Amino acid sequence: MQKKLLLAVLALCYTPFAFAQVSGTEGQKEATIEESSFTFTEAQLGEDDDMSQNVTIISSNNNIYANEVGYLFSPVRFRYRAFNQRFNDVYINGVQMNDMESGQFRYSLVGGLNQQTKGVEFALPFENNNFSMTGMAGSNNYNFRPANMATGQRLTLTGANRNYLVRGMYTYNSGLNEKGWAYSANITYRWANEGYVEGTFYNSLSYFLGVEKLLGDQHEHAISFVTWGNPTERASQGASTDEMYWLANNNQYNPYWGWQDGKKRNSRVVHDFSPTALLTWDWKIDDNTRLTTSLLGRYSIYKSTKLNYNDSDNPQPDYWKLLPSSYYDVWDETDIRNRTDQNLEDWNTSYKYMTASKRNRQIDWDKLYYANRQVNEQGADAMYYLQAKHNDNLNIAFSTALHKQLTKNSIWNIGLQAATNKGMHYQTMEDLLGANNFHNLNTYAIGTYAPNSDEVQYDMNNPNAVVREGDRFGYDFNILVNKATAWTNYAHNFGKIHLNAAAKIGGVTMQRDGKMRNGMAPENSYGKSGTAKFLDGGVKIGATMNLGHGHTVLLGAGYEKRAPLPSTAFVSPEINNDFVVNLDNESVLSSEVGYQYQNARIHLNINGYYSQLSDVTEYQNFYFDDINSFSYVSLSGIKKAYYGVEVGMKYKITSSLDFMALGTISEAKNTNNANVWYMKSTSGTFNDANGGKPETVYNKNMREAGTPLTAASVGLSYHASGWFIDVNCNYYDRIYLSYSPSYRYGSTLQGRQEVNGDVYDNEGNILESALAQAEGKGGFMVDASIGRTIRMKHGNLSINLSITNLLNNTKLCTGGYEQSRSDYTASGNVRAYKFSLNPKKYYAYGTNGMINLAYKF
C-alpha cells in the first residue's frame, strides 16, 4: 500500500505542467514548508505519550540555524539544545498555553489549524518580546485574532503516507468590513484507516471559529472571541527490542495490535479533545501605548487505553519470556547454565514460532476472550482486560500586558499572568474482554497481605467494589495548581548597541485531592493534602553590538528560580498525598554568546551556549525486579548541564540558488548522582536500605534522551518563476535512550556485583562500563521537496511535494528507553535474557511523502 501511494505521490508532482500560466510569489516556499513542518510536529512527534519526545519549534529571521532547524530535523524528534519542551513557552494572544502540571505544550491542542498558527511571534532565549520574559528555549506567541488573518478563502487537499493518509482543510477569513467586524472559520479532517505503521489508525476533526469587532470613535478598542478544538482518535505505535525487529524483519514492527475475529485491533488507542475558548480585548490607549487583556477557558479530555492482565501471563506479543534469547544466552559464551543443548533447542523452537507467521508476533485477542470465558465459569475475575488512563484538565487563565513605546529608541512592556488548573487523573475499565467479574483490589499486594485485608483495597470507602466497564478503579485523584506571575522587560537602542532586560516574579501552589482511600495509606490518601507553596522568578539581560561591515556580536545571561512541576512533586500520587522529601525550586542559569556576519551573499551565525540546572526533581513508575514489586520512583537533587555550539550559514550562489549548511555539537547531561525514593506497591513502604534515608542513584553523566546531540545538514534551495526545489542531506549522531534509574541504584549495583562481579574494580570504584547509557544508531537522511505556485483566473493554486528519508534509511534510531529489569532473578540466578543489552527503541520511518494542493481565492 505504501509503495503504491509513494508512486502516486511522485506522479502527482508533474501536475504543474498541465497549467499554462505561472506566477512567482514571495514567501510561497516559506509558507509551504511551514505547513509541512507543522504536519511533522503534530502527526509524528508531539501527540503520542508513548513517543513522548517533543519537537521544540523555534524560529528567528536573524538566525539561520534557529530558523531552519525545527523543520529540517523534525523527523528524528530533534529538540532545540536538547532542552525539555517545558522550557519552550507557548502563548496564544498573550496567554500561556503550557500544561500547568507537566510544563509542556502539546501541539495536538492546535492540530489541523495550520492557517491559524501562521501568525506567530518568535523570540529566541535572549531576544525581547511583548508578551513575557523569554523562556530558556525561546517563546512563541500565536495571534488568533480574526482581523489579523489573511483575507480570503483557502481549500487544501493533502495526501500522505505518514500517520494520516488524507487531509482536507477549508479556511475562511473575512477581513475587516466597513462596520468593523471580522470573521474567521476553519474546518480540517485528517484520516487514515491504517497509517505508516501497521495496526495504527487516525481520525481527527479540527474546527476554529472566531469573531472580532472594532469599537470606539477611533476604533481604539478591539474585542475578539475565538473557540477551537481538535477531537482526535488515534492508535499508537510501541517501541520494541532489536531482537523483535529482527524476528519481524521490520523496524516499524508494532506490538500494540493483533487480530480479533479477523480484524486488526490496537490495544493503545488515544482519545484527545481540548475545546478552548479565548476572549481578547485590545485597547489602543494612544499611538505609543497599547493594553492587551485575554481570558481563556479550556477543558482537556485525554484518555489512553492499555492491555493489562491479572493472575496470568503477560499478553504482550514481544514479552521477553517469548523471545528466543530468553531460552539461550546469546551474549555470554561463559554462561554454561544457559547455553545447554536444551537451551539451544528451545531457542530454535521460539525462533521458528516467531518467524512462521505474522499472527504469532501480534496480540491474540481471540485467545484472551477465550481465557476470560473459562474463568467466568469459575466465577473468578478477568484474566485480561483493557484499562483506560485518563488525564483531564480544567484550565482558566488570565493575562494582561501593557506595551509602551517610550521613545524612538526604547520600549517597555509589563504584564500579569494568572491561572488555575484542576488536573483529574483516574483509571477506568474500558473493556472486560468477555469477562463477567473484576474487583477493585491491589493484586500486587496479595501475597504480602491476605486477600481480605484492608491493605489490598484500592478504595477502603468502597471495599471489594465490583468494577464494570466505564467504572473507575485503581486510583482517582486531582492535582490542584494555582499560579500567578508578574513580568516586565525593557529594550533600548544606543546607536550600534541594542540592550534588553527582563524580569519576572510569581507564586505557585499545588495540592493533591484524593478520591479513593487506598489501603496502603488509609490516613493519607483520601481528601486533600497540605498545600505546597513556592515563590519563583528570574532576570535576563541581552546585548547585541553592531561592529560594522556586517559583523554583529550577541551576549546574554539569565538566572531563574522555577517552582517544581506538580507532575513530579508527589512521591506516589496514585497512592497517597506525600510530597517529595526536600522539594525545592529549581535553579536555572543560562548564558549565550553569538556572532553573526551578513552581506549581500552570505548570512552566517555562530552561537555558543551554557545552561545549568540544579535541584531538579523527576518521577517515574515501573516494575522493579529486585523488590518483586511495582515501584513509584522520585529522583531529587539532580543537577544538569547543557552546552554546545550551533552554526548556520546560507550562501547565495545565484539570485535563485542558495546553499545552506547548519549543525550543532552539544552536551546535555546530569552532573551529579541523585537521591532516590521509591515506594513498593506490594507494601506501601519506601526503600529503607539506608535507615529511612534516600538511596543514591548513580546517574551522573546520563544524557538527555530521544534527541540527537550531534546534528548537521547541507542543502541546496532553488526558487524562481514560481518554482522552488529543496534538497537536504542531514546527519544525526549521539542519540541516547532514556536511562533506567533502578539499574543504577546503589543496592542494585551491589546485587549486580554479587551475581556478575562486573560493577567494581579492585579498588572498589564503579566501572564506567557498569553505568554506560544505551545509545541508538545515528546516520544520514536525505529529504527533498518541490513546489510551484500557479496564478489562476480566480486565485492562486500552490502545489508542494515533500519526501522524507529519500534513501529509505530505516536503521536510524529516533529514541527509546532502557528496560527497568534485572539480568538476574530475585534469588540471584543469572538469566539467559539480558535486559541491560535489550533496550526498547523507535526507528525512523522509511521513505515517506506528502503532497499538498492549496487553492486560495
# chains A, B, ... in the order shown; residues from 1 in each chain; ligands from 1

$ residues_around --residues "Phe225 in chain A" --least-positions-apart "3" --cutoff "7 Å" --atoms "only C-alpha atoms" --output "list in words"
Gly210, Val211, Glu212, Leu278, Leu279 and Thr280 of chain A

$ residues_around --residues "Glu121 in chain A" --least-positions-apart "5" --cutoff "10 Å" --atoms "only C-alpha atoms" --output "PyMOL selection string"
chain A and resi 59-60+91-92+129-131+139-143

$ residues_around --residues "Asn98 in chain A" --least-positions-apart "5" --cutoff "12 Å" --atoms "only C-alpha atoms" --output "PyMOL selection string"
chain A and resi 85-92+103-107+109+135+139-141+298+395+397+419+421+565

$ closest_atom_pairs --of "range 393-465 of chain A" --to "range 569-573 of chain A" --cutoff "12 Å" --atoms "only C-alpha atoms" --output "JSON lines"
{"residue": "A:Met424", "atom": "CA", "partner": "A:Pro573", "partner_atom": "CA", "distance": 11.8}
{"residue": "A:His425", "atom": "CA", "partner": "A:Pro573", "partner_atom": "CA", "distance": 9.5}
{"residue": "A:Tyr426", "atom": "CA", "partner": "A:Pro573", "partner_atom": "CA", "distance": 10.8}

$ select_by_dssp --residues "range 498-622 of chain A" --states "strand (DSSP E or B)" --output "PyMOL selection string"
chain A and resi 498-514+527-528+532-548+551-562+570+579+586-598+602-622

$ closest_residue --among "A:Ile602, A:Ile187, A:Val782, A:Leu613" --to "Asn230 in chain A" --atoms "only C-alpha atoms"
A:Ile187

$ closest_atom_pairs --of "range 215-261 of chain A" --to "range 194-200 of chain A" --cutoff "6 Å" --atoms "only C-alpha atoms" --output "tab-separated table"
residue	atom	partner	partner_atom	distance
A:Ala235	CA	A:Thr200	CA	4.7
A:Ser236	CA	A:Thr200	CA	5.9
A:Trp257	CA	A:Gly199	CA	5.5

$ residues_around --residues "Asn63 in chain A" --least-positions-apart "6" --cutoff "12 Å" --atoms "only C-alpha atoms" --output "list in words"
Val69, Phe122, Ala123, Leu124, Glu127, Thr552, Leu554, Gly594, Tyr595, Gln596, Tyr597, Gln598, His603, Leu604, Asn605, Ile606, Asn607, Glu646, Val647, Gly648, Met649, Lys650 and Leu662 of chain A

$ select_by_dssp --residues "range 531-754 of chain A" --states "helix (DSSP H, G or I)" --output "list in words"
Pro566, Ser567, Thr568, Asp625, Asp626, Ile627, Ser742, Tyr743, Arg744, Gly746, Ser747, Thr748, Leu749, Gln750, Gly751, Arg752, Gln753 and Glu754 of chain A

$ write_last_selection --atoms "N, CA, C and O atoms" --output "PDB file, in the first residue's frame"
ATOM      1  N   PRO A 566       4.261  20.201  39.308  1.00  0.00           N
ATOM      2  CA  PRO A 566       3.307  19.378  40.060  1.00  0.00           C
ATOM      3  C   PRO A 566       3.327  17.906  39.639  1.00  0.00           C
ATOM      4  O   PRO A 566       3.055  17.024  40.453  1.00  0.00           O
ATOM      5  N   SER A 567       3.664  17.637  38.372  1.00  0.00           N
ATOM      6  CA  SER A 567       3.694  16.245  37.898  1.00  0.00           C
ATOM      7  C   SER A 567       4.807  15.438  38.547  1.00  0.00           C
ATOM      8  O   SER A 567       4.776  14.206  38.502  1.00  0.00           O
ATOM      9  N   THR A 568       5.807  16.097  39.135  1.00  0.00           N
ATOM     10  CA  THR A 568       6.909  15.377  39.785  1.00  0.00           C
ATOM     11  C   THR A 568       6.993  15.682  41.282  1.00  0.00           C
ATOM     12  O   THR A 568       7.916  15.230  41.949  1.00  0.00           O
ATOM     13  N   ASP A 625      12.325  -5.479  39.481  1.00  0.00           N
ATOM     14  CA  ASP A 625      12.584  -6.886  39.761  1.00  0.00           C
ATOM     15  C   ASP A 625      13.139  -7.136  41.156  1.00  0.00           C
ATOM     16  O   ASP A 625      12.728  -8.068  41.854  1.00  0.00           O
ATOM     17  N   ASP A 626      14.110  -6.330  41.574  1.00  0.00           N
ATOM     18  CA  ASP A 626      14.850  -6.632  42.802  1.00  0.00           C
ATOM     19  C   ASP A 626      13.978  -6.603  44.049  1.00  0.00           C
ATOM     20  O   ASP A 626      14.320  -7.210  45.063  1.00  0.00           O
ATOM     21  N   ILE A 627      12.855  -5.895  43.993  1.00  0.00           N
ATOM     22  CA  ILE A 627      11.933  -5.886  45.125  1.00  0.00           C
ATOM     23  C   ILE A 627      10.649  -6.635  44.792  1.00  0.00           C
ATOM     24  O   ILE A 627       9.722  -6.662  45.599  1.00  0.00           O
ATOM     25  N   SER A 742      16.632   2.325  38.181  1.00  0.00           N
ATOM     26  CA  SER A 742      16.773   1.157  39.045  1.00  0.00           C
ATOM     27  C   SER A 742      18.015   0.339  38.722  1.00  0.00           C
ATOM     28  O   SER A 742      18.587  -0.306  39.602  1.00  0.00           O
ATOM     29  N   TYR A 743      18.463   0.376  37.481  1.00  0.00           N
ATOM     30  CA  TYR A 743      19.675  -0.338  37.074  1.00  0.00           C
ATOM     31  C   TYR A 743      20.910   0.258  37.723  1.00  0.00           C
ATOM     32  O   TYR A 743      21.954  -0.389  37.796  1.00  0.00           O
ATOM     33  N   ARG A 744      20.763   1.502  38.267  1.00  0.00           N
ATOM     34  CA  ARG A 744      21.905   2.229  38.809  1.00  0.00           C
ATOM     35  C   ARG A 744      21.743   2.591  40.279  1.00  0.00           C
ATOM     36  O   ARG A 744      22.494   3.414  40.804  1.00  0.00           O
ATOM     37  N   GLY A 746      22.283   2.216  44.201  1.00  0.00           N
ATOM     38  CA  GLY A 746      23.423   1.651  44.919  1.00  0.00           C
ATOM     39  C   GLY A 746      23.192   0.202  45.307  1.00  0.00           C
ATOM     40  O   GLY A 746      24.086  -0.644  45.177  1.00  0.00           O
ATOM     41  N   SER A 747      21.975  -0.125  45.775  1.00  0.00           N
ATOM     42  CA  SER A 747      21.669  -1.504  46.172  1.00  0.00           C
ATOM     43  C   SER A 747      21.672  -2.439  44.972  1.00  0.00           C
ATOM     44  O   SER A 747      22.084  -3.604  45.072  1.00  0.00           O
ATOM     45  N   THR A 748      21.213  -1.944  43.815  1.00  0.00           N
ATOM     46  CA  THR A 748      21.211  -2.763  42.605  1.00  0.00           C
ATOM     47  C   THR A 748      22.631  -3.047  42.139  1.00  0.00           C
ATOM     48  O   THR A 748      22.947  -4.170  41.717  1.00  0.00           O
ATOM     49  N   LEU A 749      23.496  -2.035  42.214  1.00  0.00           N
ATOM     50  CA  LEU A 749      24.888  -2.240  41.814  1.00  0.00           C
ATOM     51  C   LEU A 749      25.552  -3.305  42.681  1.00  0.00           C
ATOM     52  O   LEU A 749      26.326  -4.133  42.192  1.00  0.00           O
ATOM     53  N   GLN A 750      25.225  -3.286  43.965  1.00  0.00           N
ATOM     54  CA  GLN A 750      25.789  -4.300  44.848  1.00  0.00           C
ATOM     55  C   GLN A 750      25.282  -5.687  44.473  1.00  0.00           C
ATOM     56  O   GLN A 750      26.038  -6.670  44.441  1.00  0.00           O
ATOM     57  N   GLY A 751      23.979  -5.778  44.129  1.00  0.00           N
ATOM     58  CA  GLY A 751      23.433  -7.061  43.709  1.00  0.00           C
ATOM     59  C   GLY A 751      24.041  -7.533  42.403  1.00  0.00           C
ATOM     60  O   GLY A 751      24.330  -8.731  42.237  1.00  0.00           O
ATOM     61  N   ARG A 752      24.277  -6.627  41.475  1.00  0.00           N
ATOM     62  CA  ARG A 752      24.919  -6.990  40.205  1.00  0.00           C
ATOM     63  C   ARG A 752      26.341  -7.466  40.437  1.00  0.00           C
ATOM     64  O   ARG A 752      26.823  -8.403  39.776  1.00  0.00           O
ATOM     65  N   GLN A 753      27.031  -6.829  41.390  1.00  0.00           N
ATOM     66  CA  GLN A 753      28.398  -7.244  41.688  1.00  0.00           C
ATOM     67  C   GLN A 753      28.428  -8.661  42.263  1.00  0.00           C
ATOM     68  O   GLN A 753      29.283  -9.483  41.899  1.00  0.00           O
ATOM     69  N   GLU A 754      27.496  -8.962  43.139  1.00  0.00           N
ATOM     70  CA  GLU A 754      27.460 -10.294  43.762  1.00  0.00           C
ATOM     71  C   GLU A 754      27.150 -11.379  42.748  1.00  0.00           C
ATOM     72  O   GLU A 754      27.654 -12.495  42.853  1.00  0.00           O
TER      73      GLU A 754
END

$ closest_residue --among "A:Ser666, A:Asn500, A:Asn805, A:Thr276" --to "Met97 in chain A" --atoms "only C-alpha atoms"
A:Thr276

$ closest_residue --among "A:Leu215, A:Ala371, A:Leu165, A:Ala382" --to "Val466 in chain A" --atoms "only C-alpha atoms"
A:Ala382

$ closest_residue --among "A:Ile363, A:Val830, A:Leu499, A:Ala484" --to "Ser410 in chain A" --atoms "only C-alpha atoms"
A:Leu499

$ atom_distance --atom1 "CA of Met702 in chain A" --atom2 "CA of Val76 in chain A"
20.0 Å

$ residues_around --residues "Lys306 in chain A" --least-positions-apart "3" --cutoff "9 Å" --atoms "only C-alpha atoms" --output "PyMOL selection string"
chain A and resi 256+267-269+385-389+430

$ atom_distance --atom1 "CA of Glu618 in chain A" --atom2 "CA of Pro564 in chain A"
9.4 Å

$ residues_around --residues "Ala557 in chain A" --least-positions-apart "5" --cutoff "8 Å" --atoms "only C-alpha atoms" --output "count of residues only"
8

$ closest_atom_pairs --of "range 429-458 of chain A" --to "range 472-477 of chain A" --cutoff "10 Å" --atoms "only C-alpha atoms" --output "JSON lines"
{"residue": "A:Met429", "atom": "CA", "partner": "A:Arg472", "partner_atom": "CA", "distance": 6.6}
{"residue": "A:Glu430", "atom": "CA", "partner": "A:Arg472", "partner_atom": "CA", "distance": 9.7}
{"residue": "A:Phe438", "atom": "CA", "partner": "A:Phe473", "partner_atom": "CA", "distance": 9.9}
{"residue": "A:His439", "atom": "CA", "partner": "A:Phe473", "partner_atom": "CA", "distance": 8.4}
{"residue": "A:Asn440", "atom": "CA", "partner": "A:Phe473", "partner_atom": "CA", "distance": 5.6}
{"residue": "A:Leu441", "atom": "CA", "partner": "A:Gly474", "partner_atom": "CA", "distance": 7.5}
{"residue": "A:Asn442", "atom": "CA", "partner": "A:Gly474", "partner_atom": "CA", "distance": 7.5}
{"residue": "A:Gln457", "atom": "CA", "partner": "A:Gly474", "partner_atom": "CA", "distance": 9.0}
{"residue": "A:Tyr458", "atom": "CA", "partner": "A:Gly474", "partner_atom": "CA", "distance": 5.6}
